[in-house]
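Novice: I'd like to ask some things about the structure below.
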Amino acid sequence: MKISRLGMKLFISYFLIILISMGAVWIATRFTTPTAYQRHLSFMEQNLEMGNSAGAGQGNGNGAGMGQGNGLGRQGQGNGMMSQFYQDYQNSFNEALLIAVIAASIVALAVSVLFSRSMVSPIRSMTKASGRIAEGRYDERVELNGNDELSQLATSFNQMARQLEQVENMRRQLIGDVAHELRTPLTFIKGSAEGLMDGVLPASDETYQQIHNEAERLSHLVDDLQELSRVESRAAQLDIRAVDSAAVVGTVARRLQHQFDAKRVTLVTNLSSVPVSFLADEGRAIQILTNLVGNALQHTPEDGTVTVSVMQDRSEVRISVRDTGEGIEADHLARIFDRFYRVDKSRSRARGGSGIGLTIARHLVEAQGGRIWAESEGKQKGSVFTFTLPLVK
Ligand SMILES: Nc1ncnc2c1ncn2[C@@H]1O[C@H](COP(=O)(O)OP(=O)(O)OP(=O)(O)O)[C@@H](O)[C@H]1O
Ligand SMILES: [Mg+2]
């Protein structure tokens, strides 16, 4: 017979253990009691005989034969009594043993049921909870106290459920955010096309330019989303090798210089006096720094300054971008690396920003073994963005 239920298996194993031990007790007592009894009996008989022979020695010569005959008769009587006594004793012993075995079996039955139930009930509740999670109810948890393996399993189960819930929330949030981000330019393009068709909007260069700008923003957003999904799933291929920090800073400065000139913001590069090399994918390092310097330029008004500095720490290189611009208030600081997070949504969007740049930067830095963070004294006090990458040993 194949038993498929754990509770039944546990119950039967408990019960069998108890029955087998009781059987062993029964068999052991059955075999050892007669020999033990015989030993004690012969010991008693020896004592009796010794008492009788001492009595016979004390009597006179005439009474010797009689005394011996009487003695033998008493001995025969005594043996008969002893075997009768042994028979009675064995019967009462068997009866007591039988009652004890029945009582112990009932207790064993009750204890086995209790124990097997208490072992199986947490597993049952975990099975139920996992079934509900599979149905999409991610708020499901298992309540278990204690410190044994089952409680540890329940703790890991709850952790898994919490993570699934987080991933599900993020997925929902992402779909909502993406839909929202796509809707704004699409509504504009659709509205403009309708306006043009109805003749409400003039077919001017400016109208076409605006439609083109919105389409451009859409394609920028789609590219960013694709990049984000690549870096988040760690599918981005990284070609890690020794990279010269001066080369990276120089490339970014050259690329953005004309935008700085156009906005009349000064770009200062503060390189270390000795050459500093770090381990990274050069293209990705340039991408991260371009993102930070581009942001700094966006948020720094005319006549401001953006300074890029390279410092060497014990085991890492620190590249920081300091600006004298808008600054970031403390409650926003913690969230600016979240995807789609923008301090001033409408202004950022008007500038073409979708709030993904810093999220991509953070994933890229972390994928290369570094850290990234932002500091700011507050509004209008400028900000500093710093990232680290491992030094070449
Ligand atoms: N140097 C800075 N000074 C002030 N605020 C900043 C600075 N850099 C980033 N921020 C804030 O952080 C937000 C997120 O930046 P992030 O680069 O992720 O998005 P974005 O620049 O708006 O869009 P994009 O995805 O095109 O980069 C910005 O919208 C801005 O509010
Ligand atoms: Mg940006």
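Residue numbering restarts at 1 for every chain of the structure tokens, chains are lettered A, B, ... in their displayed order, and ligands are numbered from 1 as they appear.
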Neighbouring residues of ligand 2 are defined here as those with any atom at most 6 Å from a ligand atom, counting only C-alpha atoms and all ligand atoms; list them as an MDAnalysis selection string.

Specialist: chainID A and resid 291 295 357

Novice: Using only C-alpha atoms and all ligand atoms, what are the residues with an atom within 9 Å of ligand 1, set out as a PyMOL selection string?

Specialist: chain A and resi 220-221+224+291-300+321-329+332-333+335-345+347-349+351-361+374+376+379-380+382-385

Novice: Residues near Ile319 of chain A, anyone? I mean within 7 Å using only C-alpha atoms, not counting same-chain ones fewer than 3 positions away, as a PyMOL selection string.

Specialist: chain A and resi 309-311+386-388

Novice: Output N, CA and C atoms for every residue in that selection, as a tab-separated table (two decimals), in the first residue's frame.

Specialist:
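Done, and the output landed in again26.tsv:
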```
chain	number	residue	atom	x	y	z
A	309	SER	N	35.27	66.30	-11.28
A	309	SER	CA	36.53	66.00	-10.57
A	309	SER	C	36.77	64.51	-10.51
A	310	VAL	N	38.05	64.15	-10.59
A	310	VAL	CA	38.43	62.74	-10.45
A	310	VAL	C	39.32	62.61	-9.22
A	311	MET	N	38.94	61.74	-8.29
A	311	MET	CA	39.75	61.52	-7.09
A	311	MET	C	40.03	60.03	-6.97
A	386	THR	N	28.05	61.79	-7.44
A	386	THR	CA	29.34	61.08	-7.42
A	386	THR	C	29.12	59.61	-7.74
A	387	PHE	N	30.02	59.04	-8.55
A	387	PHE	CA	30.01	57.58	-8.71
A	387	PHE	C	31.42	57.04	-8.57
A	388	THR	N	31.48	55.79	-8.14
A	388	THR	CA	32.78	55.15	-7.94
A	388	THR	C	32.90	53.96	-8.88
```

Novice: Give me, as an NGL selection string, all polymer residues having an atom no more than 8 Å from Val268 of chain A, counting only C-alpha atoms and skipping those fewer than 4 positions away in the same chain.

Specialist: :A and (305-308)

Novice: So how far away is atom CA of Arg30 of chain A from atom CA of Glu95 of chain A, in Å?

Specialist: 12.3 Å

Novice: Tell me which protein, DNA and RNA residues are within 8 Å of segment 141-154 of chain A, counting only C-alpha atoms, leaving out same-chain ones fewer than 6 positions away, and put them as a list in words.

Specialist: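 The neighbour list is Pro122, Ile123, Ser125, Met126, Ala129 and Ala161 of chain A.
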
Novice: So that I have them on file, write out the residues from the current selection with C-alpha atoms, as a short mmCIF file (atom, residue, chain, number, x, y, z; two decimals), in the first residue's frame.

Specialist:
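Saved file part-v3.cif follows:
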```cif
data_model
loop_
_atom_site.label_atom_id
_atom_site.label_comp_id
_atom_site.auth_asym_id
_atom_site.auth_seq_id
_atom_site.Cartn_x
_atom_site.Cartn_y
_atom_site.Cartn_z
CA PRO A 122 2.08 24.40 8.94
CA ILE A 123 2.87 22.54 5.71
CA SER A 125 -1.10 26.29 5.47
CA MET A 126 1.98 26.87 3.27
CA ALA A 129 -0.83 30.12 0.76
CA ALA A 161 5.93 36.23 -1.21
#
```

Novice: Give the answer as one residue: which of A:Met50, A:Val167, A:Leu364, A:Val274 has the shortest atom-to-atom distance to Leu238 of chain A, using only C-alpha atoms?

Specialist: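 For Leu238 of chain A, the nearest of the candidates is A:Leu364.
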
Novice: I'd like the neighbourhood of Leu6 of chain A as a list in words, where a residue qualifies if any of its atoms comes within 9 Å (using only C-alpha atoms), though same-chain residues fewer than 4 positions away should be ignored.

Specialist: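 Once the adjacent positions are removed, what remains is Leu10, Phe11, Ser116 and Val120 of chain A.
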
Novice: As an exercise, work out the distance from atom CA of Asp205 of chain A to atom CA of Phe188 of chain A in Å and give it to one decimal place.

Specialist: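 These two atoms are separated by 16.1 Å.
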
Novice: Counting only C-alpha atoms, figure out which residue out of A:Glu316, A:Glu165, A:Glu216, A:Asp239 gets nearest to Leu182 of chain A.

Specialist: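 The shortest atom-to-atom distance to Leu182 of chain A comes from A:Glu216.
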
Novice: Please determine, counting only C-alpha atoms, which residue among A:Thr33, A:Ile12, A:Leu228, A:Leu201 has the shortest atom-to-atom distance to Ala110 of chain A.

Specialist: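 Closest candidate: A:Ile12.
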
Novice: With distances taken over only C-alpha atoms, which of A:Leu391, A:Ala246, A:Ile99, A:Val317 is nearest to Ile372 of chain A?

Specialist: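 Closest to Ile372 of chain A of all the choices is A:Val317.
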